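*Asks:* Got a structure for you, model39.cif, holding mmCIF, C-alpha atoms.
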data_protein
#
loop_
_atom_site.group_PDB
_atom_site.id
_atom_site.type_symbol
_atom_site.label_atom_id
_atom_site.label_comp_id
_atom_site.auth_asym_id
_atom_site.auth_seq_id
_atom_site.Cartn_x
_atom_site.Cartn_y
_atom_site.Cartn_z
ATOM 1 C CA PRO A 1 -24.479 -7.383 -5.382
ATOM 2 C CA ALA A 2 -25.166 -8.715 -1.905
ATOM 3 C CA ALA A 3 -21.755 -7.992 -0.365
ATOM 4 C CA LEU A 4 -21.814 -4.372 -1.570
ATOM 5 C CA ASP A 5 -25.324 -3.939 -0.207
ATOM 6 C CA ARG A 6 -24.296 -5.307 3.202
ATOM 7 C CA ILE A 7 -21.311 -2.960 3.295
ATOM 8 C CA ARG A 8 -23.572 -0.046 2.296
ATOM 9 C CA ARG A 9 -26.017 -0.828 5.094
ATOM 10 C CA LYS A 10 -23.232 -1.110 7.678
ATOM 11 C CA LEU A 11 -21.642 2.155 6.518
ATOM 12 C CA ALA A 12 -24.987 3.972 6.673
ATOM 13 C CA GLY A 13 -24.641 4.209 10.447
ATOM 14 C CA SER A 14 -21.334 6.073 10.421
ATOM 15 C CA ALA A 15 -20.811 9.799 9.915
ATOM 16 C CA ASP A 16 -18.652 9.368 6.810
ATOM 17 C CA GLY A 17 -20.432 6.294 5.489
ATOM 18 C CA ASP A 18 -21.484 7.952 2.243
ATOM 19 C CA ARG A 19 -17.922 9.068 1.505
ATOM 20 C CA GLN A 20 -16.580 5.570 2.194
ATOM 21 C CA MET A 21 -19.218 3.987 -0.040
ATOM 22 C CA VAL A 22 -18.299 6.378 -2.862
ATOM 23 C CA GLU A 23 -14.652 5.314 -2.494
ATOM 24 C CA ILE A 24 -15.662 1.652 -2.770
ATOM 25 C CA LEU A 25 -17.886 2.298 -5.784
ATOM 26 C CA THR A 26 -15.142 4.311 -7.484
ATOM 27 C CA ALA A 27 -12.898 1.250 -7.214
ATOM 28 C CA VAL A 28 -15.301 -0.555 -9.578
ATOM 29 C CA LEU A 29 -13.988 1.614 -12.431
ATOM 30 C CA ARG A 30 -10.438 0.386 -11.857
ATOM 31 C CA ASP A 31 -10.883 -3.149 -10.514
ATOM 32 C CA GLU A 32 -14.183 -4.401 -12.003
ATOM 33 C CA LEU A 33 -17.379 -5.114 -10.086
ATOM 34 C CA SER A 34 -16.626 -8.779 -9.388
ATOM 35 C CA ALA A 35 -13.296 -7.948 -7.732
ATOM 36 C CA VAL A 36 -14.862 -5.217 -5.582
ATOM 37 C CA GLU A 37 -17.678 -7.544 -4.557
ATOM 38 C CA ALA A 38 -15.162 -10.255 -3.622
ATOM 39 C CA ALA A 39 -13.145 -7.734 -1.589
ATOM 40 C CA CYS A 40 -16.309 -6.614 0.215
ATOM 41 C CA ALA A 41 -17.202 -10.224 0.977
ATOM 42 C CA GLU A 42 -13.695 -10.867 2.334
ATOM 43 C CA ALA A 43 -13.863 -7.768 4.535
ATOM 44 C CA LEU A 44 -17.246 -8.843 5.886
ATOM 45 C CA ARG A 45 -15.905 -12.342 6.642
ATOM 46 C CA GLU A 46 -13.160 -10.680 8.687
ATOM 47 C CA GLY A 47 -15.759 -8.614 10.538
ATOM 48 C CA VAL A 48 -14.850 -5.180 9.165
ATOM 49 C CA HIS A 49 -16.672 -2.858 6.807
ATOM 50 C CA SER A 50 -14.330 0.067 6.232
ATOM 51 C CA ALA A 51 -13.551 1.442 2.766
ATOM 52 C CA ASP A 52 -9.875 1.456 3.706
ATOM 53 C CA VAL A 53 -9.967 -2.287 4.313
ATOM 54 C CA VAL A 54 -11.816 -3.023 1.076
ATOM 55 C CA LEU A 55 -9.401 -0.850 -0.932
ATOM 56 C CA ASN A 56 -6.434 -2.524 0.761
ATOM 57 C CA ILE A 57 -7.740 -5.967 -0.180
ATOM 58 C CA LEU A 58 -8.130 -4.808 -3.779
ATOM 59 C CA ALA A 59 -4.621 -3.335 -3.859
ATOM 60 C CA ARG A 60 -3.107 -6.596 -2.604
ATOM 61 C CA GLN A 61 -4.848 -8.532 -5.382
ATOM 62 C CA ARG A 62 -3.550 -6.350 -8.212
ATOM 63 C CA GLU A 63 -0.521 -7.338 -10.219
ATOM 64 C CA PRO A 64 2.493 -5.391 -8.996
ATOM 65 C CA THR A 65 3.878 -2.943 -11.497
ATOM 66 C CA ALA A 66 7.345 -3.591 -12.807
ATOM 67 C CA PRO A 67 9.968 -1.392 -11.172
ATOM 68 C CA VAL A 68 11.390 1.346 -13.333
ATOM 69 C CA THR A 69 15.023 0.819 -14.245
ATOM 70 C CA ILE A 70 17.059 3.979 -13.947
ATOM 71 C CA LEU A 71 20.226 4.090 -15.963
ATOM 72 C CA THR A 72 23.026 6.006 -14.286
ATOM 73 C CA PRO A 73 25.165 8.072 -16.629
ATOM 74 C CA GLU A 74 28.840 7.210 -16.551
ATOM 75 C CA SER A 75 29.675 10.722 -15.343
ATOM 76 C CA LEU A 76 27.686 10.081 -12.147
ATOM 77 C CA ARG A 77 29.118 6.657 -11.321
ATOM 78 C CA LEU A 78 31.354 6.391 -8.266
ATOM 79 C CA ARG A 79 35.026 6.014 -8.956
ATOM 80 C CA HIS A 80 35.743 4.743 -5.433
ATOM 81 C CA GLU A 81 33.076 2.758 -3.651
ATOM 82 C CA PRO A 82 32.659 3.857 0.001
ATOM 83 C CA VAL A 83 33.919 1.446 2.634
ATOM 84 C CA ALA A 84 32.069 1.093 5.913
ATOM 85 C CA ASP A 85 34.548 1.715 8.725
ATOM 86 C CA CYS A 86 33.001 1.898 12.167
ATOM 87 C CA THR A 87 36.300 2.219 14.060
ATOM 88 C CA ARG A 88 35.973 6.009 14.000
ATOM 89 C CA TYR A 89 32.680 5.726 15.878
ATOM 90 C CA ASP A 90 34.146 3.191 18.306
ATOM 91 C CA SER A 91 36.889 5.682 19.141
ATOM 92 C CA LEU A 92 34.229 8.119 20.366
ATOM 93 C CA ARG A 93 33.172 5.653 23.047
ATOM 94 C CA ARG A 94 36.629 5.514 24.603
ATOM 95 C CA ALA A 95 37.465 7.840 27.470
ATOM 96 C CA PRO A 96 40.130 10.484 26.628
#
Translate the structure described by the file into structure tokens.
*Replies:*
Amino acid sequence: PAALDRIRRKLAGSADGDRQMVEILTAVLRDELSAVEAACAEALREGVHSADVVLNILARQREPTAPVTILTPESLRLRHEPVADCTRYDSLRRAP
């Protein structure tokens, strides 16, 4: 694809360009070629060609995973909820 080729050519001039290109190509396995190409095109439109930017664009486009619900056993539940009381700290500011 054209966007991937442009990114590859731009990365060829940097010392770690091959490593960055491998990271981008590895993303194809997880995100599909069309999504990686679209992310490359978006990065190029913004004037950047870093693998970190392309991978960030891909990560923002993925569906967020549902948070894991952790059930607290009854034996670990608080019997008395803590109360925020800042007056003790205010007393430290006063001169003796």
*Asks:* When you draw a straight line from atom CA of A:Arg62 to atom CA of A:Arg45, how long is it in Å?
*Replies:*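 Value for the atom CA of A:Arg62-atom CA of A:Arg45 distance: 20.2 Å.
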*Asks:* Rounded to one decimal in Å, what is the spacing between atom CA of A:Ala27 and atom CA of A:Cys40?
*Replies:*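 Answer for the atom CA of A:Ala27 to atom CA of A:Cys40 separation: 11.3 Å.
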*Asks:* What gap, in Å, lies between atom CA of A:Ala41 and atom CA of A:Glu63?
*Replies:*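 Atom CA of A:Ala41 sits 20.3 Å away from atom CA of A:Glu63.
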*Asks:* Find the axis-aligned box for stretch 30-42 of chain A, covering all its listed atoms and adding 4 Å on each side, and write its centre and edge lengths in Å to one decimal as lines of an AutoDock Vina configuration file.
*Replies:*
center_x = -14.1
center_y = -5.2
center_z = -4.8
size_x = 15.2
size_y = 19.3
size_z = 22.3
*Asks:* At a cut-off of 9 Å from (-10.8, -7.9, -7.6) in the coordinates of the file, what residues are picked up using only C-alpha atoms, written as a compact mmCIF listing (two decimals) with C-alpha atoms, in the coordinates of the input?
*Replies:*
# COMPACT_ATOMS: atom_id res chain seq x y z
CA VAL A 28 -15.30 -0.56 -9.58
CA ASP A 31 -10.88 -3.15 -10.51
CA GLU A 32 -14.18 -4.40 -12.00
CA LEU A 33 -17.38 -5.11 -10.09
CA SER A 34 -16.63 -8.78 -9.39
CA ALA A 35 -13.30 -7.95 -7.73
CA VAL A 36 -14.86 -5.22 -5.58
CA GLU A 37 -17.68 -7.54 -4.56
CA ALA A 38 -15.16 -10.26 -3.62
CA ALA A 39 -13.14 -7.73 -1.59
CA ILE A 57 -7.74 -5.97 -0.18
CA LEU A 58 -8.13 -4.81 -3.78
CA ALA A 59 -4.62 -3.34 -3.86
CA GLN A 61 -4.85 -8.53 -5.38
CA ARG A 62 -3.55 -6.35 -8.21
*Asks:* So, with all atoms listed in the file as the atoms that count, which of A:Gln20, A:Ala3, A:Thr65, A:Arg93 lies closest to A:Ala43?
*Replies:* A:Ala3
*Asks:* Could you tell me which residues the PyMOL selection byres ((chain A and resi 51) around 7) returns for this structure, as a list in words?
*Replies:*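 Applying the PyMOL selection byres ((chain A and resi 51) around 7) to the structure shown produces Gln20, Met21, Glu23, Ile24, His49, Ser50, Asp52, Val53, Val54 and Leu55 of chain A.
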*Asks:* So, with all atoms listed in the file as the atoms that count, which of A:Glu81, A:Leu76, A:Leu25, A:Ser14 lies closest to A:Pro1?
*Replies:*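 Checking each of A:Glu81, A:Leu76, A:Leu25, A:Ser14 against A:Pro1, counting all atoms listed in the file, the winner is A:Leu25.
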